[in-house]
Amino acid sequence: MEQTLPLAISSPAQGDDEFLWGFWYPVLRSNRIRGRRLVTSARLEVPLVLGRDGAGKAFALRDVCPHRAFPLSLGRYDGHAVECAYHGWRFEAHTGQCRLVPSITEDSKLQCDRIHAGSFPCEERDGYVWAYFANPEGRSPGGCPPPPVPELPKYSGRYRIAHLSATLDCSMDTAIIGLMDPAHGPFVHRSWWWRSRRSIREKQKAFEPIPQGFRMSSHTPSANSAPYKLLKVYGAAVTTQIDFVLPNMRTEEVRCGKYWFTNRTTITPIRRDLCQLDFCAAWNLFSWFPLVAPLLHFFGRRFIAQDQRVIELQKPGLKVQPRMMLVDDADRQARWYFQLKSAYLASQQSGMPMQHPLEGPITLRWRS
Ligand code: FES
Ligand SMILES: [Fe+2]
């Protein structure tokens, strides 16, 4: 028998908006790092300094000198090593290993290559620089190498890609459950091109567990939103599938014969109370129509701005009432998110494999 009582949860019970270590997070758009410039960013409350070596490979160091915590980003970079501006210690850009301590004399016993600035494995995909956060200090994770970097699925050689981003003035948990909340659509995202309050109807969606997440199984998208109606011109059946995987990633795939549109939203904490939303879409649909990207930007920005506004307005309320209610079935995905997160944290503590909260396929019903 399905639970019918609302579940009241408060974030502290769910791990106090705890950050999840052991994942790749997007930390910067690739085009922000040019030449030998050092650029700063911050994710999971870790200050970062990023740059590229002579061959263009990006690196990410903790923007804190191990000597006296001076920002390395204020130092000099010659394409190989970053030199701290305070006492001139030099750190190899990709590993953070200290190469030079100018103050020591020749007979010094100090082994400077034992000193490291924090360093994060770094890769570029889909126009983002990603860093692997094994721990807050940027210590080498040791053991097995990091998993592959997440990549937006693409189903043809030629495609277009677009990016949108926003900062959200809330915790990662608040932003993520907003991301997977079907019930706010008709109220918050009301517009002629998406949906109206009158378009509310009963939905029934099948879900299944996938590693570290859950999938809204491939289905024909609901007929009540304009963008999907456009795809009818192709005559082929339209299917859509939406995945959520830890720590922060929602990926949607729309397929229509040989045409496809995929998009991914990640919510990455900058601080405990501030997040970065990165949206990236790729497609080979309507390639003859030059305005897909501008339209996507225009509507995407509005859509995100509607969510941003809700978050702003919700903020004072959450201060006095951090407890949130999760009401089945519309909020079941939010509940799974909290369960996945707890299961991940528990497995990290115990060293045992993660217990997946979903036992098997399940159908949820709600009105939206
Ligand atoms: S603080 Fe960086 S070298 Fe001293
Ligand atoms: Fe929304």
# chains A, B, ... in the order shown; residues from 1 in each chain; ligands from 1
>>> residues_near_ligand(ligand="ligand 2", cutoff="12 Å", atoms="only C-alpha atoms and all ligand atoms", output="PyMOL selection string")
chain A and resi 168+174-190+194+265+277+300-311
>>> closest_atom_pairs(of="chain A", to="ligand 1", cutoff="9 Å", atoms="only C-alpha atoms and all ligand atoms", output="JSON lines")
{"residue": "A:Val64", "atom": "CA", "partner": "ligand 1", "partner_atom_place_in_ligand_line": "2 (Fe)", "distance": 7.9}
{"residue": "A:Cys65", "atom": "CA", "partner": "ligand 1", "partner_atom_place_in_ligand_line": "2 (Fe)", "distance": 4.6}
{"residue": "A:Pro66", "atom": "CA", "partner": "ligand 1", "partner_atom_place_in_ligand_line": "2 (Fe)", "distance": 6.6}
{"residue": "A:His67", "atom": "CA", "partner": "ligand 1", "partner_atom_place_in_ligand_line": "1 (S)", "distance": 4.6}
{"residue": "A:Arg68", "atom": "CA", "partner": "ligand 1", "partner_atom_place_in_ligand_line": "1 (S)", "distance": 3.9}
{"residue": "A:Ala69", "atom": "CA", "partner": "ligand 1", "partner_atom_place_in_ligand_line": "1 (S)", "distance": 5.4}
{"residue": "A:Phe70", "atom": "CA", "partner": "ligand 1", "partner_atom_place_in_ligand_line": "1 (S)", "distance": 4.6}
{"residue": "A:Pro71", "atom": "CA", "partner": "ligand 1", "partner_atom_place_in_ligand_line": "2 (Fe)", "distance": 7.5}
{"residue": "A:Leu72", "atom": "CA", "partner": "ligand 1", "partner_atom_place_in_ligand_line": "2 (Fe)", "distance": 7.0}
{"residue": "A:Gly75", "atom": "CA", "partner": "ligand 1", "partner_atom_place_in_ligand_line": "2 (Fe)", "distance": 8.7}
{"residue": "A:Glu83", "atom": "CA", "partner": "ligand 1", "partner_atom_place_in_ligand_line": "3 (S)", "distance": 7.8}
{"residue": "A:Cys84", "atom": "CA", "partner": "ligand 1", "partner_atom_place_in_ligand_line": "2 (Fe)", "distance": 4.6}
{"residue": "A:Ala85", "atom": "CA", "partner": "ligand 1", "partner_atom_place_in_ligand_line": "2 (Fe)", "distance": 6.4}
{"residue": "A:Tyr86", "atom": "CA", "partner": "ligand 1", "partner_atom_place_in_ligand_line": "4 (Fe)", "distance": 4.9}
{"residue": "A:His87", "atom": "CA", "partner": "ligand 1", "partner_atom_place_in_ligand_line": "3 (S)", "distance": 3.8}
{"residue": "A:Gly88", "atom": "CA", "partner": "ligand 1", "partner_atom_place_in_ligand_line": "3 (S)", "distance": 5.0}
{"residue": "A:Trp89", "atom": "CA", "partner": "ligand 1", "partner_atom_place_in_ligand_line": "3 (S)", "distance": 4.4}
{"residue": "A:Arg90", "atom": "CA", "partner": "ligand 1", "partner_atom_place_in_ligand_line": "3 (S)", "distance": 7.7}
{"residue": "A:Val101", "atom": "CA", "partner": "ligand 1", "partner_atom_place_in_ligand_line": "3 (S)", "distance": 7.6}
{"residue": "A:Pro102", "atom": "CA", "partner": "ligand 1", "partner_atom_place_in_ligand_line": "3 (S)", "distance": 8.8}
>>> write_last_selection(atoms="N, CA and C atoms", output="mmCIF file, in the first residue's frame")
data_model
loop_
_atom_site.group_PDB
_atom_site.id
_atom_site.type_symbol
_atom_site.label_atom_id
_atom_site.label_comp_id
_atom_site.auth_asym_id
_atom_site.auth_seq_id
_atom_site.Cartn_x
_atom_site.Cartn_y
_atom_site.Cartn_z
ATOM 1 N N VAL A 64 44.444 28.691 -2.454
ATOM 2 C CA VAL A 64 44.929 28.957 -1.107
ATOM 3 C C VAL A 64 46.357 28.417 -1.041
ATOM 4 N N CYS A 65 47.305 29.291 -0.846
ATOM 5 C CA CYS A 65 48.693 28.826 -0.769
ATOM 6 C C CYS A 65 48.876 27.998 0.509
ATOM 7 N N PRO A 66 49.505 26.828 0.397
ATOM 8 C CA PRO A 66 49.673 26.007 1.604
ATOM 9 C C PRO A 66 50.584 26.674 2.633
ATOM 10 N N HIS A 67 51.399 27.650 2.196
ATOM 11 C CA HIS A 67 52.313 28.308 3.133
ATOM 12 C C HIS A 67 51.547 29.172 4.121
ATOM 13 N N ARG A 68 50.941 30.258 3.673
ATOM 14 C CA ARG A 68 50.212 31.142 4.585
ATOM 15 C C ARG A 68 48.869 31.559 4.005
ATOM 16 N N ALA A 69 48.297 30.671 3.208
ATOM 17 C CA ALA A 69 46.907 30.838 2.765
ATOM 18 C C ALA A 69 46.670 32.030 1.846
ATOM 19 N N PHE A 70 47.727 32.541 1.239
ATOM 20 C CA PHE A 70 47.546 33.656 0.303
ATOM 21 C C PHE A 70 46.865 33.131 -0.964
ATOM 22 N N PRO A 71 46.006 33.949 -1.621
ATOM 23 C CA PRO A 71 45.363 33.463 -2.856
ATOM 24 C C PRO A 71 46.390 33.257 -3.969
ATOM 25 N N LEU A 72 46.468 32.043 -4.470
ATOM 26 C CA LEU A 72 47.417 31.772 -5.562
ATOM 27 C C LEU A 72 47.035 32.538 -6.821
ATOM 28 N N GLY A 75 49.009 35.403 -7.970
ATOM 29 C CA GLY A 75 50.411 35.186 -8.330
ATOM 30 C C GLY A 75 50.621 35.196 -9.832
ATOM 31 N N GLU A 83 53.209 30.898 -9.299
ATOM 32 C CA GLU A 83 54.095 31.429 -8.268
ATOM 33 C C GLU A 83 53.299 32.303 -7.311
ATOM 34 N N CYS A 84 53.339 31.952 -6.042
ATOM 35 C CA CYS A 84 52.577 32.706 -5.051
ATOM 36 C C CYS A 84 53.191 34.105 -4.912
ATOM 37 N N ALA A 85 52.320 35.097 -4.816
ATOM 38 C CA ALA A 85 52.787 36.482 -4.797
ATOM 39 C C ALA A 85 53.308 36.910 -3.423
ATOM 40 N N TYR A 86 53.147 36.061 -2.414
ATOM 41 C CA TYR A 86 53.550 36.479 -1.065
ATOM 42 C C TYR A 86 55.034 36.172 -0.794
ATOM 43 N N HIS A 87 55.432 34.891 -0.974
ATOM 44 C CA HIS A 87 56.845 34.548 -0.735
ATOM 45 C C HIS A 87 57.465 33.803 -1.904
ATOM 46 N N GLY A 88 56.727 33.780 -3.004
ATOM 47 C CA GLY A 88 57.312 33.241 -4.229
ATOM 48 C C GLY A 88 57.405 31.732 -4.347
ATOM 49 N N TRP A 89 56.717 31.014 -3.496
ATOM 50 C CA TRP A 89 56.733 29.557 -3.664
ATOM 51 C C TRP A 89 56.090 29.230 -5.011
ATOM 52 N N ARG A 90 56.632 28.213 -5.660
ATOM 53 C CA ARG A 90 56.112 27.850 -6.989
ATOM 54 C C ARG A 90 55.460 26.468 -6.955
ATOM 55 N N VAL A 101 60.997 26.866 -3.058
ATOM 56 C CA VAL A 101 60.781 27.743 -1.907
ATOM 57 C C VAL A 101 61.978 28.706 -1.883
ATOM 58 N N PRO A 102 61.806 29.921 -2.377
ATOM 59 C CA PRO A 102 62.971 30.792 -2.584
ATOM 60 C C PRO A 102 63.753 31.114 -1.310
#
>>> atom_distance(atom1="CA of Pro148 in chain A", atom2="CA of Val82 in chain A")
27.1 Å
>>> residues_around(residues="His219 in chain A", least_positions_apart="5", cutoff="8 Å", atoms="only C-alpha atoms", output="list in words")
Thr239, Thr240 and Gln241 of chain A
>>> select_by_dssp(residues="range 131-200 of chain A", states="helix (DSSP H, G or I)", output="ChimeraX atom specification")
/A:172-179,182-188,197-199
>>> closest_residue(among="A:Leu44, A:Val238, A:Val254, A:Ala162", to="Asp273 in chain A", atoms="only C-alpha atoms")
A:Leu44
>>> residues_around(residues="Gly51 in chain A", least_positions_apart="6", cutoff="7 Å", atoms="only C-alpha atoms", output="list of chain:residue names")
A:Ile33, A:Arg36, A:Arg37, A:Leu38, A:Val39, A:Ala58, A:Phe59, A:Ala60
>>> write_last_selection(atoms="C-alpha atoms", output="CSV table (one decimal), in the first residue's frame")
chain,number,residue,atom,x,y,z
A,33,ILE,CA,40.0,30.6,-19.5
A,36,ARG,CA,47.9,32.3,-19.5
A,37,ARG,CA,45.2,34.1,-17.5
A,38,LEU,CA,44.4,32.7,-14.0
A,39,VAL,CA,40.6,32.7,-13.3
A,58,ALA,CA,43.0,23.1,-18.0
A,59,PHE,CA,44.0,22.8,-14.4
A,60,ALA,CA,42.3,23.6,-11.1
>>> select_by_dssp(residues="range 81-314 of chain A", states="strand (DSSP E or B)", output="PyMOL selection string")
chain A and resi 81-83+90-92+97-100+116+119-120+122-125+128-133+160-168+190+195+202-210+213-219+238-245+249-256+259-271+274-283
>>> closest_residue(among="A:Asn284, A:Ser108, A:Asp243, A:Val233", to="Tyr259 in chain A", atoms="only C-alpha atoms")
A:Asn284
>>> closest_residue(among="A:Pro145, A:Pro290, A:Pro153, A:Gly138", to="Leu48 in chain A", atoms="only C-alpha atoms")
A:Gly138
>>> closest_residue(among="A:Lys341, A:Arg255, A:His356, A:Arg62", to="Trp283 in chain A", atoms="only C-alpha atoms")
A:Arg255
>>> closest_residue(among="A:Ala293, A:Leu318, A:Leu326, A:Leu345", to="Arg160 in chain A", atoms="only C-alpha atoms")
A:Ala293
